[in-house]
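S.K.: So I've got this file, entry31.txt, and it contains compact mmCIF, C-alpha atoms:
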```txt
# COMPACT_ATOMS: atom_id res chain seq x y z
CA MET A 1 0.00 0.00 0.00
CA GLN A 2 1.36 3.39 -1.00
CA ASP A 3 1.43 6.59 1.00
CA PHE A 4 -0.66 9.48 -0.30
CA ASP A 5 1.12 11.68 -2.84
CA PRO A 6 0.35 15.37 -2.13
CA GLN A 7 0.78 16.05 -5.84
CA LEU A 8 -2.77 14.74 -6.21
CA LEU A 9 -3.95 18.01 -4.66
CA LYS A 10 -2.98 19.80 -7.86
CA SER A 11 -5.75 17.95 -9.69
CA LEU A 12 -8.49 19.35 -7.45
CA TYR A 13 -11.10 21.55 -9.08
CA LYS A 14 -10.44 25.28 -8.79
CA PRO A 15 -13.10 27.86 -9.61
CA ALA A 16 -12.42 29.94 -12.70
CA SER A 17 -12.06 33.67 -12.15
CA SER A 18 -14.93 34.20 -14.59
CA SER A 19 -17.31 31.79 -12.85
CA HIS A 20 -20.63 32.82 -11.36
CA LYS A 21 -22.54 31.90 -8.21
CA GLY A 22 -23.79 28.33 -8.38
CA GLU A 23 -21.19 27.10 -10.87
CA ASN A 24 -18.66 25.94 -8.27
CA GLY A 25 -20.63 23.33 -6.42
CA LYS A 26 -23.84 22.80 -4.49
CA VAL A 27 -23.89 20.54 -1.45
CA MET A 28 -26.60 19.20 0.82
CA VAL A 29 -26.07 18.10 4.42
CA ILE A 30 -28.69 15.88 6.07
CA GLY A 31 -27.95 15.27 9.73
CA GLY A 32 -28.43 16.08 13.37
CA SER A 33 -30.82 14.85 16.05
CA LYS A 34 -32.19 15.92 19.42
CA LEU A 35 -29.14 14.44 21.12
CA PHE A 36 -26.48 15.71 18.72
CA HIS A 37 -27.11 19.40 18.09
CA ALA A 38 -23.62 20.50 17.09
CA ALA A 39 -22.69 17.66 14.75
CA PHE A 40 -24.18 19.42 11.75
CA LEU A 41 -22.54 22.81 12.32
CA TRP A 42 -19.01 21.59 11.61
CA PRO A 43 -19.67 20.10 8.16
CA LEU A 44 -21.73 23.18 7.28
CA SER A 45 -18.88 25.46 8.30
CA VAL A 46 -16.33 23.58 6.19
CA ALA A 47 -18.44 22.85 3.12
CA SER A 48 -19.73 26.42 2.87
CA ARG A 49 -16.15 27.62 2.45
CA ILE A 50 -15.53 25.29 -0.50
CA VAL A 51 -18.70 25.33 -2.62
CA ASP A 52 -21.07 28.09 -3.69
CA MET A 53 -24.15 26.84 -1.87
CA VAL A 54 -24.96 24.49 1.00
CA PHE A 55 -28.47 23.20 1.73
CA TYR A 56 -29.09 21.93 5.23
CA CYS A 57 -31.86 19.68 6.47
CA SER A 58 -32.35 18.38 10.03
CA THR A 59 -34.94 18.13 12.77
CA GLU A 60 -37.05 21.22 13.42
CA GLU A 61 -35.05 22.09 16.56
CA ASN A 62 -31.74 21.91 14.74
CA ASN A 63 -32.99 23.92 11.78
CA HIS A 64 -33.83 26.63 14.32
CA LEU A 65 -30.31 26.45 15.77
CA VAL A 66 -28.79 26.93 12.34
CA GLN A 67 -31.10 29.85 11.73
CA GLN A 68 -29.75 31.45 14.94
CA ALA A 69 -26.19 30.83 13.75
CA LYS A 70 -26.65 32.45 10.33
CA GLU A 71 -23.68 34.72 10.95
CA GLU A 72 -21.60 31.54 10.71
CA PHE A 73 -23.58 30.08 7.82
CA ARG A 74 -24.29 32.88 5.37
CA ASN A 75 -24.06 30.84 2.19
CA GLY A 76 -26.65 28.21 3.01
CA ILE A 77 -30.34 27.47 2.88
CA ILE A 78 -32.22 25.72 5.67
CA VAL A 79 -34.51 23.08 4.19
CA PRO A 80 -37.57 21.68 6.00
CA ARG A 81 -38.08 17.93 5.74
CA GLY A 82 -41.11 18.40 3.50
CA LYS A 83 -38.98 20.08 0.82
CA ILE A 84 -35.97 17.79 0.98
CA ASP A 85 -36.58 16.36 -2.49
CA ASP A 86 -36.49 19.79 -4.13
CA TYR A 87 -32.98 20.41 -2.86
CA VAL A 88 -31.59 16.90 -3.16
CA THR A 89 -32.21 17.13 -6.89
CA GLU A 90 -30.30 20.41 -7.07
CA ALA A 91 -27.30 19.36 -4.97
CA GLU A 92 -24.27 17.83 -6.66
CA SER A 93 -23.01 15.97 -3.59
CA ILE A 94 -24.90 15.00 -0.44
CA LEU A 95 -23.67 14.19 3.06
CA ILE A 96 -26.02 12.12 5.18
CA GLY A 97 -25.61 10.81 8.71
CA PRO A 98 -23.58 13.20 10.91
CA GLY A 99 -25.30 13.42 14.28
CA MET A 100 -28.20 11.22 13.21
CA PRO A 101 -29.26 8.65 15.84
CA ARG A 102 -28.73 4.93 15.87
CA GLU A 103 -31.86 2.86 16.42
CA GLU A 104 -31.45 2.81 20.22
CA GLY A 105 -30.92 6.57 20.33
CA ILE A 106 -34.01 7.74 18.46
CA GLU A 107 -36.24 10.15 20.38
CA GLU A 108 -39.64 11.56 19.50
CA GLY A 109 -39.18 13.99 16.63
CA ASP A 110 -36.00 12.32 15.35
CA ASP A 111 -35.68 10.59 12.02
CA ASP A 112 -35.53 6.84 11.61
CA THR A 113 -31.98 7.12 10.32
CA GLY A 114 -31.74 3.81 8.47
CA LYS A 115 -35.14 4.18 6.84
CA LEU A 116 -34.56 7.76 5.71
CA THR A 117 -31.06 6.99 4.41
CA GLU A 118 -32.10 3.93 2.43
CA GLU A 119 -35.16 5.68 0.98
CA LEU A 120 -33.06 8.56 -0.28
CA LEU A 121 -30.33 6.30 -1.68
CA ARG A 122 -32.92 4.29 -3.61
CA LYS A 123 -34.69 7.40 -4.84
CA TYR A 124 -31.55 9.21 -5.96
CA PRO A 125 -29.03 6.57 -7.09
CA ASP A 126 -27.29 8.99 -9.48
CA LYS A 127 -26.26 11.45 -6.77
CA LYS A 128 -22.77 11.66 -5.26
CA TRP A 129 -23.33 10.41 -1.70
CA VAL A 130 -21.09 10.74 1.36
CA ILE A 131 -22.39 8.36 4.03
CA ASP A 132 -21.30 9.09 7.59
CA GLY A 133 -22.17 8.71 11.27
CA GLY A 134 -25.60 7.35 12.14
CA SER A 135 -26.33 6.34 8.55
CA LEU A 136 -23.31 4.03 8.52
CA GLN A 137 -24.56 2.35 11.69
CA THR A 138 -28.13 1.72 10.55
CA ILE A 139 -28.17 0.85 6.84
CA ASP A 140 -27.87 -2.54 5.19
CA PRO A 141 -24.71 -2.35 3.03
CA GLN A 142 -26.61 -4.11 0.24
CA ILE A 143 -28.35 -0.78 -0.41
CA LEU A 144 -25.05 0.47 -1.84
CA LEU A 145 -25.48 -1.90 -4.78
CA SER A 146 -28.46 0.15 -5.95
CA LEU A 147 -26.31 3.26 -6.49
CA LYS A 148 -25.14 4.22 -9.97
CA THR A 149 -22.51 6.67 -8.72
CA MET A 150 -19.64 5.60 -6.46
CA PRO A 151 -20.35 6.76 -2.87
CA ILE A 152 -17.82 7.66 -0.19
CA LEU A 153 -18.12 5.94 3.19
CA THR A 154 -16.35 7.55 6.16
CA PRO A 155 -16.38 5.03 9.03
CA HIS A 156 -14.25 4.90 12.13
CA LYS A 157 -13.48 1.54 13.71
CA ARG A 158 -16.84 0.88 15.37
CA GLU A 159 -18.87 2.13 12.42
CA PHE A 160 -16.87 -0.12 10.12
CA GLU A 161 -17.61 -3.14 12.31
CA THR A 162 -21.32 -2.32 12.46
CA LEU A 163 -21.74 -1.66 8.75
CA PHE A 164 -19.87 -4.69 7.46
CA HIS A 165 -20.58 -7.07 10.37
CA THR A 166 -16.93 -7.83 10.89
CA LYS A 167 -14.21 -7.34 13.49
CA TYR A 168 -11.76 -4.51 12.99
CA GLU A 169 -8.98 -6.60 14.50
CA ILE A 170 -9.03 -8.97 11.53
CA LEU A 171 -9.01 -6.15 9.01
CA ASP A 172 -6.35 -6.23 6.34
CA THR A 173 -5.84 -4.06 3.31
CA LYS A 174 -6.80 -6.84 0.92
CA TYR A 175 -10.16 -7.22 2.66
CA LEU A 176 -10.74 -3.46 2.40
CA SER A 177 -10.13 -3.69 -1.34
CA GLU A 178 -12.55 -6.58 -1.63
CA LEU A 179 -15.27 -4.59 0.14
CA ALA A 180 -14.68 -1.54 -2.07
CA LYS A 181 -15.01 -3.72 -5.16
CA LYS A 182 -18.05 -5.59 -3.89
CA TYR A 183 -19.99 -2.44 -3.05
CA ASN A 184 -18.40 -0.17 -5.70
CA CYS A 185 -17.52 2.48 -3.15
CA VAL A 186 -14.65 4.46 -1.70
CA ILE A 187 -13.97 3.70 1.96
CA LEU A 188 -12.22 6.37 4.02
CA LEU A 189 -11.36 4.37 7.13
CA LYS A 190 -10.50 6.88 9.85
CA GLY A 191 -7.81 6.23 12.42
CA GLU A 192 -4.34 7.21 13.53
CA GLU A 193 -3.53 6.48 9.89
CA ASP A 194 -6.41 6.91 7.47
CA ILE A 195 -6.75 4.32 4.73
CA VAL A 196 -8.59 5.31 1.57
CA THR A 197 -9.66 2.43 -0.65
CA SER A 198 -11.47 2.42 -3.98
CA PRO A 199 -12.19 -0.64 -6.16
CA ASP A 200 -8.79 -0.23 -7.82
CA GLN A 201 -6.65 2.04 -5.60
CA GLN A 202 -5.54 2.23 -1.99
CA VAL A 203 -3.41 4.74 -0.10
CA ARG A 204 -2.40 5.41 3.48
CA ILE A 205 -2.54 8.95 4.88
CA THR A 206 -0.42 9.64 7.93
CA GLY A 207 -0.16 12.70 10.16
CA GLY A 208 -2.41 14.47 12.59
CA ASN A 209 -2.07 14.22 16.35
CA ALA A 210 -3.90 13.32 19.57
CA GLY A 211 -5.85 16.57 19.49
CA MET A 212 -7.88 15.11 16.64
CA THR A 213 -9.56 12.55 18.86
CA LYS A 214 -11.99 15.23 20.06
CA GLY A 215 -15.67 14.73 19.41
CA GLY A 216 -16.75 16.34 16.16
CA THR A 217 -13.50 16.05 14.22
CA GLY A 218 -15.09 13.33 12.10
CA ASP A 219 -17.92 15.71 11.26
CA VAL A 220 -15.37 18.30 10.17
CA LEU A 221 -13.77 15.72 7.89
CA ALA A 222 -17.16 14.70 6.45
CA GLY A 223 -17.89 18.32 5.55
CA LEU A 224 -14.55 18.58 3.80
CA VAL A 225 -15.19 15.35 1.89
CA VAL A 226 -18.62 16.38 0.63
CA GLY A 227 -17.41 19.87 -0.28
CA LEU A 228 -14.62 18.49 -2.45
CA PHE A 229 -16.83 15.73 -3.86
CA ALA A 230 -19.15 18.25 -5.52
CA LYS A 231 -16.55 18.92 -8.22
CA ASN A 232 -14.06 16.05 -7.94
CA ASP A 233 -14.14 12.26 -8.20
CA ALA A 234 -14.72 10.09 -5.14
CA PHE A 235 -11.20 8.76 -4.60
CA THR A 236 -9.52 12.14 -5.08
CA SER A 237 -12.03 13.82 -2.76
CA ALA A 238 -11.57 11.28 0.03
CA CYS A 239 -7.77 11.31 -0.16
CA ALA A 240 -7.47 15.08 -0.37
CA ALA A 241 -9.92 15.62 2.49
CA SER A 242 -8.07 13.20 4.77
CA TYR A 243 -4.71 14.81 4.00
CA ILE A 244 -5.94 18.39 4.40
CA ASN A 245 -7.74 17.53 7.64
CA LYS A 246 -4.61 16.02 9.17
CA LYS A 247 -2.49 18.95 8.03
CA ALA A 248 -4.96 21.33 9.68
CA GLY A 249 -4.55 19.40 12.93
CA GLU A 250 -0.77 19.65 12.64
CA SER A 251 -1.01 23.37 11.97
CA LEU A 252 -3.08 23.86 15.12
CA GLU A 253 -0.61 21.82 17.17
CA LYS A 254 2.11 24.33 16.30
CA LYS A 255 -0.09 27.14 17.63
CA MET A 256 -1.73 25.59 20.70
CA GLY A 257 -0.44 22.07 21.18
CA ILE A 258 -3.14 19.42 21.17
CA TYR A 259 -5.54 21.67 23.07
CA PHE A 260 -7.88 22.53 20.22
CA ASN A 261 -11.43 21.49 19.46
CA SER A 262 -13.49 20.71 16.38
CA SER A 263 -14.49 24.33 15.82
CA ASP A 264 -10.80 25.26 15.79
CA LEU A 265 -10.15 22.51 13.25
CA ALA A 266 -12.98 23.65 10.99
CA ALA A 267 -11.67 27.21 11.05
CA GLU A 268 -8.10 26.11 10.31
CA ILE A 269 -8.97 24.07 7.21
CA PRO A 270 -9.44 26.97 4.76
CA ILE A 271 -6.17 28.50 5.97
CA VAL A 272 -4.31 25.25 5.35
CA MET A 273 -6.04 24.77 2.00
CA LYS A 274 -4.82 28.17 0.86
CA ASP A 275 -1.23 27.13 1.50
CA LEU A 276 -1.57 23.63 0.08
CA LEU A 277 -3.50 24.51 -3.08
CA SER A 278 -1.91 27.81 -4.04
```
I need this file expressed as structure tokens, please.

M.R.:
Amino acid sequence: MQDFDPQLLKSLYKPASSSHKGENGKVMVIGGSKLFHAAFLWPLSVASRIVDMVFYCSTEENNHLVQQAKEEFRNGIIVPRGKIDDYVTEAESILIGPGMPREEGIEEGDDDTGKLTEELLRKYPDKKWVIDGGSLQTIDPQILLSLKTMPILTPHKREFETLFHTKYEILDTKYLSELAKKYNCVILLKGEEDIVTSPDQQVRITGGNAGMTKGGTGDVLAGLVVGLFAKNDAFTSACAASYINKKAGESLEKKMGIYFNSSDLAAEIPIVMKDLLS
């Protein structure tokens, strides 16, 4: 397995100076629950700095929280559940799952995460999906076979075990490749070293630090993935997002040690991207 080559960053889409609003990517984020109020704010913060427009859809309470935080989310539209289809069709890439509950965590007013996720995947198989968090823990992986466009899965250890009904301890890189081929997906397996696997490629991404174990850093990464995915292919988006995310963590360590949080990480990403992509 090869290490990630930062030269791949040069292939990322860059908006033309003559482009207009709406031409440089539209993203939708579907997430949040009564228990996890902040999980959606981090991907919104990151994605809205990469693409022209972000649509956000959550529970009524969380939609209200985003409305209150509009000074942090100027380039987005809050979408009620009843209008989700109108904006899914417009979005180029869609993130589903951050902060959404597992079956045992559903409260009154929450979504049935697995049901909603599978319904949307079946209904919109041509969309570019990033599947994260609660969605990874509640769907049947067979649903991935219905997709016509390669999705990106972003599991950590426990989510990987739950989704694929296997033990992380027996994981090897060959098995990861077999899963990516079987389900025609890109797997961004998060850990001390991230491993990004497509049906025909696999790389290891090192870096980061212990400060990145904080709650919410995975949501930051998911927002970066979906933002890049709007205008790039699945493998490139997953690799670049993992690398940029880790470099942002390293940049923060130089400033404040490992004593940073997910909001710090989200704010650092565009600064690091400027240096890496210029």

S.K.: May I have the protein, DNA and RNA residues with an atom at most 12 Å from (-6.0, 14.5, 5.4), counting all atoms listed in the file in the file's coordinates, returned as a VMD selection string?

M.R.: chain A and resid 3 to 6 9 188 to 196 203 to 209 212 217 to 218 220 to 222 224 to 225 236 to 250 265 269 272 to 273 276

S.K.: Quote the spacing between CA of Met256 (chain A) and CA of Leu277 (chain A) in Å to one decimal place.

M.R.: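 CA of Met256 (chain A) sits 23.9 Å away from CA of Leu277 (chain A).
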
S.K.: By how many Å are CA of Thr138 (chain A) and CA of Ala230 (chain A) apart?

M.R.: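 Pair CA of Thr138 (chain A) / CA of Ala230 (chain A) returns 24.7 Å.
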
S.K.: For Glu253 (chain A), which residue out of A:Lys231, A:Ala210, A:His156, A:Ile77 is the nearest one, using only C-alpha atoms?

M.R.: A:Ala210

S.K.: What's around Tyr168 (chain A) at 9 Å? Count all atoms listed in the file, leave out sequence neighbours fewer than 6 positions away in its own chain, and write the answer as a PDB file with C-alpha atoms, in the coordinates of the input.

M.R.:
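After the write, around33.pdb holds the following:
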```
ATOM      1  CA  LYS A 157     -13.480   1.540  13.710  1.00  0.00           C
ATOM      2  CA  ARG A 158     -16.840   0.880  15.370  1.00  0.00           C
ATOM      3  CA  PHE A 160     -16.870  -0.120  10.120  1.00  0.00           C
ATOM      4  CA  GLU A 161     -17.610  -3.140  12.310  1.00  0.00           C
TER       5      GLU A 161
END
```

S.K.: So, counting only C-alpha atoms, which residue among A:Leu153, A:Val27, A:Ile84, A:Leu144 is closest to Phe235 (chain A)?

M.R.: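 Closest to Phe235 (chain A) of all the choices is A:Leu153.
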
S.K.: Quick one, how far is CA of Asp219 (chain A) from CA of Leu44 (chain A)?

M.R.: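 Interatomic distance, CA of Asp219 (chain A) to CA of Leu44 (chain A): 9.3 Å.
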
S.K.: Which is closest to Leu95 (chain A) among A:Gly25, A:Gly257, A:Gly223, A:Pro155, if we use all atoms listed in the file?

M.R.: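 Looking at the shortest contact to Leu95 (chain A), the residue is A:Gly223.
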
S.K.: Go through A:Lys14, A:Lys123, A:Arg49, A:Lys128 one by one, measure the shortest atom-to-atom distance of each to Met28 (chain A) using all atoms listed in the file, and give the residue with the smallest value.

M.R.: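 Looking at the shortest contact to Met28 (chain A), the residue is A:Lys128.
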
S.K.: Determine the nearest neighbour of Trp129 (chain A) from the options A:Thr154, A:Ser146, A:Thr117, A:Ser93, counting all atoms listed in the file.

M.R.: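 When distances to Trp129 (chain A) are compared using all atoms listed in the file, the smallest one comes from A:Ser93.
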
S.K.: Using all atoms listed in the file, can you tell me which of A:Gln137, A:Ser48, A:Thr89, A:Ser177 comes closest to Ala267 (chain A)?

M.R.: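 Checking each candidate against Ala267 (chain A), we get A:Ser48 as the closest.
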
S.K.: Just want the 9 Å neighbourhood of Leu145 (chain A), counted on only C-alpha atoms, with same-chain residues fewer than 6 positions away dropped. Output as an MDAnalysis selection string.

M.R.: chainID A and resid 182:184

S.K.: Extract, using only C-alpha atoms, all DNA, RNA and protein residues at most 7 Å from Gly133 (chain A), discarding same-chain residues fewer than 2 positions from it, and format them as a PyMOL selection string.

M.R.: chain A and resi 97-100+135-137

S.K.: Store the residues picked out above, limited to C-alpha atoms, as a compact mmCIF listing (two decimals), keeping the file's coordinate frame.

M.R.:
```txt
# COMPACT_ATOMS: atom_id res chain seq x y z
CA GLY A 97 -25.61 10.81 8.71
CA PRO A 98 -23.58 13.20 10.91
CA GLY A 99 -25.30 13.42 14.28
CA MET A 100 -28.20 11.22 13.21
CA SER A 135 -26.33 6.34 8.55
CA LEU A 136 -23.31 4.03 8.52
CA GLN A 137 -24.56 2.35 11.69
```
